[in-house]
Amino acid sequence: MRPIAKGAAPRTYAKYGDAQPDLVNAIDRFCSYCERHIAAAIHVEHKRPKKSHPLLELEWSNFLLACPNCNPTKGNFKVRLRRYLWPDDDNTLLAFTYHAGGVVRANRVLPKKLRSKANRTLQMYGLHKRPGGHVEPSDRDYRWEDRRQEWDKAVLFRQQLQNHDTPSQRALVEAAATRGMFSVWWTVFDGDVDMRRRLREAFVGTDPTSFDAWEQAVARPGGQL
Ligand SMILES: [Zn+2]
């Protein structure tokens, strides 16, 4: 899950929906959780649901962007932030691992407490659902399928790049940054510092403090990881 830095509140809001353009400006039109590029109808998501936390309905710090699959999955319960991991607070690249076949998992090397938080986060948004997994996705949930396709595309692009059979690194990165799934691209380009840096810079709003000079994910200042 891409670690994002949305910055300070640009202004105050009379309706939460008014924050959508400012959020898009800060972190682009990607779902903060499944990371897909959403061309239309990207929702302003409340980390702590507005029904159970009405005082936070218009709070910038409580906003992220989410797709029509991730946003409604959560429901309206009381959310204690520290029971979960958050892309705008933590380095969520360290929380999850991405694999061929559209699989996303809590990172197995995490200490037990953090792994529980990572699993809870996946379950809260339904990101763990996939055919053949513990929970099957609904007919209208293409998140795993989109992840699977993006993985295959990133692997193909990496092979083309190695064979010099491709327009340019810049064209690849630009293509990736219009399609989303930063974490998949970042994972597939393991060991390629230059491409990882290009990807990080091309995805607007990626948190720079979550990476070291070799473009490895590192604990985020102030985060749980
Ligand atoms: Zn989503």
# chains A, B, ... in the order shown; residues from 1 in each chain; ligands from 1
$ select_by_dssp --residues "segment 9-154 of chain A" --states "helix (DSSP H, G or I)" --output "PyMOL selection string"
chain A and resi 16-27+54-56+60-62+70-73+81-83+112-125+143-154
$ residues_near_ligand --ligand "ligand 1" --cutoff "7 Å" --atoms "only C-alpha atoms and all ligand atoms" --output "ChimeraX atom specification"
/A:31-36,66-71
$ closest_atom_pairs --of "segment 66-132 of chain A" --to "segment 152-162 of chain A" --cutoff "12 Å" --atoms "only C-alpha atoms" --output "Markdown table"
| residue | atom | partner | partner_atom | distance |
| --- | --- | --- | --- | --- |
| A:His99 | CA | A:Asp152 | CA | 10.2 |
| A:Ala100 | CA | A:Asp152 | CA | 7.4 |
| A:Gly101 | CA | A:Asp152 | CA | 8.3 |
| A:Gly102 | CA | A:Asp152 | CA | 9.2 |
$ write_last_selection --atoms "N, CA and C atoms" --output "tab-separated table (two decimals), in the first residue's frame"
chain	number	residue	atom	x	y	z
A	99	HIS	N	2.19	-10.21	-4.53
A	99	HIS	CA	2.66	-11.43	-5.18
A	99	HIS	C	1.92	-11.64	-6.50
A	100	ALA	N	2.49	-12.52	-7.32
A	100	ALA	CA	1.84	-12.88	-8.59
A	100	ALA	C	0.45	-13.43	-8.29
A	101	GLY	N	-0.46	-13.26	-9.25
A	101	GLY	CA	-1.82	-13.79	-9.07
A	101	GLY	C	-2.74	-12.85	-8.31
A	102	GLY	N	-2.30	-11.61	-8.10
A	102	GLY	CA	-3.16	-10.64	-7.42
A	102	GLY	C	-3.24	-10.82	-5.92
$ residues_around --residues "Leu110 of chain A" --least-positions-apart "4" --cutoff "8 Å" --atoms "only C-alpha atoms" --output "PDB file with N, CA and C atoms, in the first residue's frame"
ATOM      1  N   ALA A  95       4.072  -2.932   5.491  1.00  0.00           N
ATOM      2  CA  ALA A  95       2.994  -3.679   6.150  1.00  0.00           C
ATOM      3  C   ALA A  95       2.507  -4.860   5.323  1.00  0.00           C
ATOM      4  N   LEU A 114       2.159  -5.919  14.927  1.00  0.00           N
ATOM      5  CA  LEU A 114       2.013  -5.160  13.688  1.00  0.00           C
ATOM      6  C   LEU A 114       1.376  -6.015  12.601  1.00  0.00           C
ATOM      7  N   ARG A 115       1.692  -7.318  12.618  1.00  0.00           N
ATOM      8  CA  ARG A 115       1.079  -8.204  11.617  1.00  0.00           C
ATOM      9  C   ARG A 115      -0.431  -8.275  11.828  1.00  0.00           C
TER      10      ARG A 115
END
$ residues_around --residues "Leu93 of chain A" --least-positions-apart "3" --cutoff "10 Å" --atoms "only C-alpha atoms" --output "PyMOL selection string"
chain A and resi 1-3+87+90+96-98+107+182-183+186-187+210-211+216-219+225
$ write_last_selection --atoms "N, CA and C atoms" --output "PDB file, in the first residue's frame"
ATOM      1  N   MET A   1       0.863  -1.179   0.000  1.00  0.00           N
ATOM      2  CA  MET A   1       0.000   0.000   0.000  1.00  0.00           C
ATOM      3  C   MET A   1       0.901   1.230   0.000  1.00  0.00           C
ATOM      4  N   ARG A   2       0.693   2.094  -0.955  1.00  0.00           N
ATOM      5  CA  ARG A   2       1.568   3.255  -1.124  1.00  0.00           C
ATOM      6  C   ARG A   2       1.512   4.173   0.096  1.00  0.00           C
ATOM      7  N   PRO A   3       2.665   4.526   0.666  1.00  0.00           N
ATOM      8  CA  PRO A   3       2.638   5.508   1.759  1.00  0.00           C
ATOM      9  C   PRO A   3       2.452   6.899   1.164  1.00  0.00           C
ATOM     10  N   PRO A  87      -2.091   4.510   5.305  1.00  0.00           N
ATOM     11  CA  PRO A  87      -1.127   4.955   4.293  1.00  0.00           C
ATOM     12  C   PRO A  87      -0.649   6.392   4.474  1.00  0.00           C
ATOM     13  N   ASP A  90       1.654   5.733   8.356  1.00  0.00           N
ATOM     14  CA  ASP A  90       2.656   4.676   8.494  1.00  0.00           C
ATOM     15  C   ASP A  90       3.324   4.417   7.148  1.00  0.00           C
ATOM     16  N   PHE A  96       2.590  -4.741   3.986  1.00  0.00           N
ATOM     17  CA  PHE A  96       1.990  -5.740   3.103  1.00  0.00           C
ATOM     18  C   PHE A  96       3.007  -6.203   2.062  1.00  0.00           C
ATOM     19  N   THR A  97       2.808  -7.439   1.580  1.00  0.00           N
ATOM     20  CA  THR A  97       3.625  -7.907   0.461  1.00  0.00           C
ATOM     21  C   THR A  97       2.699  -8.277  -0.699  1.00  0.00           C
ATOM     22  N   TYR A  98       3.200  -8.055  -1.900  1.00  0.00           N
ATOM     23  CA  TYR A  98       2.422  -8.270  -3.128  1.00  0.00           C
ATOM     24  C   TYR A  98       3.051  -9.394  -3.923  1.00  0.00           C
ATOM     25  N   ASN A 107       2.675  -8.564   5.811  1.00  0.00           N
ATOM     26  CA  ASN A 107       4.085  -8.936   5.702  1.00  0.00           C
ATOM     27  C   ASN A 107       4.462  -9.935   6.804  1.00  0.00           C
ATOM     28  N   PHE A 182       0.866   1.402  -7.276  1.00  0.00           N
ATOM     29  CA  PHE A 182       2.269   1.700  -6.987  1.00  0.00           C
ATOM     30  C   PHE A 182       2.989   0.517  -6.336  1.00  0.00           C
ATOM     31  N   SER A 183       2.351  -0.098  -5.347  1.00  0.00           N
ATOM     32  CA  SER A 183       3.022  -1.164  -4.580  1.00  0.00           C
ATOM     33  C   SER A 183       3.410  -2.346  -5.456  1.00  0.00           C
ATOM     34  N   TRP A 186       6.418  -1.205  -7.525  1.00  0.00           N
ATOM     35  CA  TRP A 186       7.569  -1.067  -6.632  1.00  0.00           C
ATOM     36  C   TRP A 186       8.114  -2.444  -6.275  1.00  0.00           C
ATOM     37  N   THR A 187       7.217  -3.396  -6.033  1.00  0.00           N
ATOM     38  CA  THR A 187       7.641  -4.753  -5.679  1.00  0.00           C
ATOM     39  C   THR A 187       8.351  -5.427  -6.850  1.00  0.00           C
ATOM     40  N   SER A 210       9.434   7.749   3.583  1.00  0.00           N
ATOM     41  CA  SER A 210       9.268   6.305   3.752  1.00  0.00           C
ATOM     42  C   SER A 210      10.319   5.488   2.990  1.00  0.00           C
ATOM     43  N   PHE A 211      11.326   6.183   2.394  1.00  0.00           N
ATOM     44  CA  PHE A 211      12.337   5.506   1.572  1.00  0.00           C
ATOM     45  C   PHE A 211      13.728   5.980   1.952  1.00  0.00           C
ATOM     46  N   GLN A 216      14.806   1.725  -0.625  1.00  0.00           N
ATOM     47  CA  GLN A 216      14.193   0.669   0.199  1.00  0.00           C
ATOM     48  C   GLN A 216      13.180   1.330   1.121  1.00  0.00           C
ATOM     49  N   ALA A 217      12.104   0.606   1.454  1.00  0.00           N
ATOM     50  CA  ALA A 217      11.118   1.143   2.389  1.00  0.00           C
ATOM     51  C   ALA A 217      11.707   1.123   3.802  1.00  0.00           C
ATOM     52  N   VAL A 218      11.571   2.241   4.488  1.00  0.00           N
ATOM     53  CA  VAL A 218      12.071   2.338   5.874  1.00  0.00           C
ATOM     54  C   VAL A 218      10.958   2.883   6.760  1.00  0.00           C
ATOM     55  N   ALA A 219      11.082   2.655   8.068  1.00  0.00           N
ATOM     56  CA  ALA A 219      10.059   3.124   9.010  1.00  0.00           C
ATOM     57  C   ALA A 219       9.841   4.623   8.836  1.00  0.00           C
ATOM     58  N   LEU A 225       5.107   1.984  11.803  1.00  0.00           N
ATOM     59  CA  LEU A 225       6.174   1.297  11.102  1.00  0.00           C
ATOM     60  C   LEU A 225       6.565   2.116   9.882  1.00  0.00           C
TER      61      LEU A 225
END
$ residues_around --residues "segment 168-180 of chain A" --least-positions-apart "6" --cutoff "7 Å" --atoms "only C-alpha atoms" --output "ChimeraX atom specification"
/A:30,35-37,198-199,202-203
$ write_last_selection --atoms "N, CA and C atoms" --output "PDB file, in the first residue's frame"
ATOM      1  N   PHE A  30      -5.941   7.982  -7.052  1.00  0.00           N
ATOM      2  CA  PHE A  30      -5.738   6.571  -6.735  1.00  0.00           C
ATOM      3  C   PHE A  30      -6.481   6.241  -5.452  1.00  0.00           C
ATOM      4  N   GLU A  35      -5.268   1.010  -4.385  1.00  0.00           N
ATOM      5  CA  GLU A  35      -4.295   1.707  -5.237  1.00  0.00           C
ATOM      6  C   GLU A  35      -4.672   1.755  -6.714  1.00  0.00           C
ATOM      7  N   ARG A  36      -5.906   1.369  -7.045  1.00  0.00           N
ATOM      8  CA  ARG A  36      -6.289   1.471  -8.452  1.00  0.00           C
ATOM      9  C   ARG A  36      -6.484   2.930  -8.844  1.00  0.00           C
ATOM     10  N   HIS A  37      -6.255   3.228 -10.117  1.00  0.00           N
ATOM     11  CA  HIS A  37      -6.577   4.543 -10.649  1.00  0.00           C
ATOM     12  C   HIS A  37      -8.083   4.590 -10.891  1.00  0.00           C
ATOM     13  N   ARG A 198      12.223   6.665  -9.910  1.00  0.00           N
ATOM     14  CA  ARG A 198      11.359   7.267 -10.934  1.00  0.00           C
ATOM     15  C   ARG A 198       9.882   7.017 -10.615  1.00  0.00           C
ATOM     16  N   LEU A 199       9.566   5.794 -10.199  1.00  0.00           N
ATOM     17  CA  LEU A 199       8.171   5.465  -9.873  1.00  0.00           C
ATOM     18  C   LEU A 199       7.692   6.306  -8.686  1.00  0.00           C
ATOM     19  N   ALA A 202       7.069   9.791  -9.762  1.00  0.00           N
ATOM     20  CA  ALA A 202       5.976   9.957 -10.731  1.00  0.00           C
ATOM     21  C   ALA A 202       4.600   9.830 -10.084  1.00  0.00           C
ATOM     22  N   PHE A 203       4.503   9.061  -9.010  1.00  0.00           N
ATOM     23  CA  PHE A 203       3.205   8.921  -8.328  1.00  0.00           C
ATOM     24  C   PHE A 203       3.053  10.087  -7.347  1.00  0.00           C
TER      25      PHE A 203
END
$ atom_distance --atom1 "atom CA of Pro137 of chain A" --atom2 "atom CA of Val184 of chain A"
19.6 Å
$ atom_distance --atom1 "atom CA of Gly205 of chain A" --atom2 "atom CA of Asp192 of chain A"
21.0 Å
$ residues_around --residues "His53 of chain A" --least-positions-apart "5" --cutoff "10 Å" --atoms "only C-alpha atoms" --output "PDB file with N, CA and C atoms, in the first residue's frame"
ATOM      1  N   HIS A  46     -13.659   8.504   4.904  1.00  0.00           N
ATOM      2  CA  HIS A  46     -13.383   8.908   6.289  1.00  0.00           C
ATOM      3  C   HIS A  46     -12.678   7.748   6.989  1.00  0.00           C
ATOM      4  N   LYS A  47     -11.454   7.986   7.423  1.00  0.00           N
ATOM      5  CA  LYS A  47     -10.718   6.922   8.133  1.00  0.00           C
ATOM      6  C   LYS A  47     -11.528   6.479   9.339  1.00  0.00           C
ATOM      7  N   ARG A  48     -12.016   7.431  10.100  1.00  0.00           N
ATOM      8  CA  ARG A  48     -12.978   7.121  11.149  1.00  0.00           C
ATOM      9  C   ARG A  48     -14.348   7.515  10.620  1.00  0.00           C
ATOM     10  N   ASN A  62      -8.847  13.370   8.669  1.00  0.00           N
ATOM     11  CA  ASN A  62      -9.640  12.136   8.644  1.00  0.00           C
ATOM     12  C   ASN A  62      -9.970  11.682   7.217  1.00  0.00           C
ATOM     13  N   ASN A  76     -19.768   1.210   9.498  1.00  0.00           N
ATOM     14  CA  ASN A  76     -19.885   2.387  10.371  1.00  0.00           C
ATOM     15  C   ASN A  76     -19.571   2.102  11.824  1.00  0.00           C
ATOM     16  N   PHE A  77     -18.495   1.424  12.083  1.00  0.00           N
ATOM     17  CA  PHE A  77     -18.187   1.163  13.491  1.00  0.00           C
ATOM     18  C   PHE A  77     -17.156   2.172  14.008  1.00  0.00           C
ATOM     19  N   LYS A  78     -16.960   2.178  15.309  1.00  0.00           N
ATOM     20  CA  LYS A  78     -15.953   3.063  15.916  1.00  0.00           C
ATOM     21  C   LYS A  78     -14.568   2.538  15.543  1.00  0.00           C
ATOM     22  N   VAL A  79     -13.760   3.388  14.968  1.00  0.00           N
ATOM     23  CA  VAL A  79     -12.427   2.963  14.534  1.00  0.00           C
ATOM     24  C   VAL A  79     -11.373   3.587  15.442  1.00  0.00           C
TER      25      VAL A  79
END
$ atom_distance --atom1 "atom CA of Ala9 of chain A" --atom2 "atom CA of Phe63 of chain A"
10.1 Å
$ select_by_dssp --residues "segment 92-204 of chain A" --states "strand (DSSP E or B)" --output "list in words"
Phe96, Thr97, Tyr98, His99, Val103, Val104, Arg105, Ala106 and Gly180 of chain A
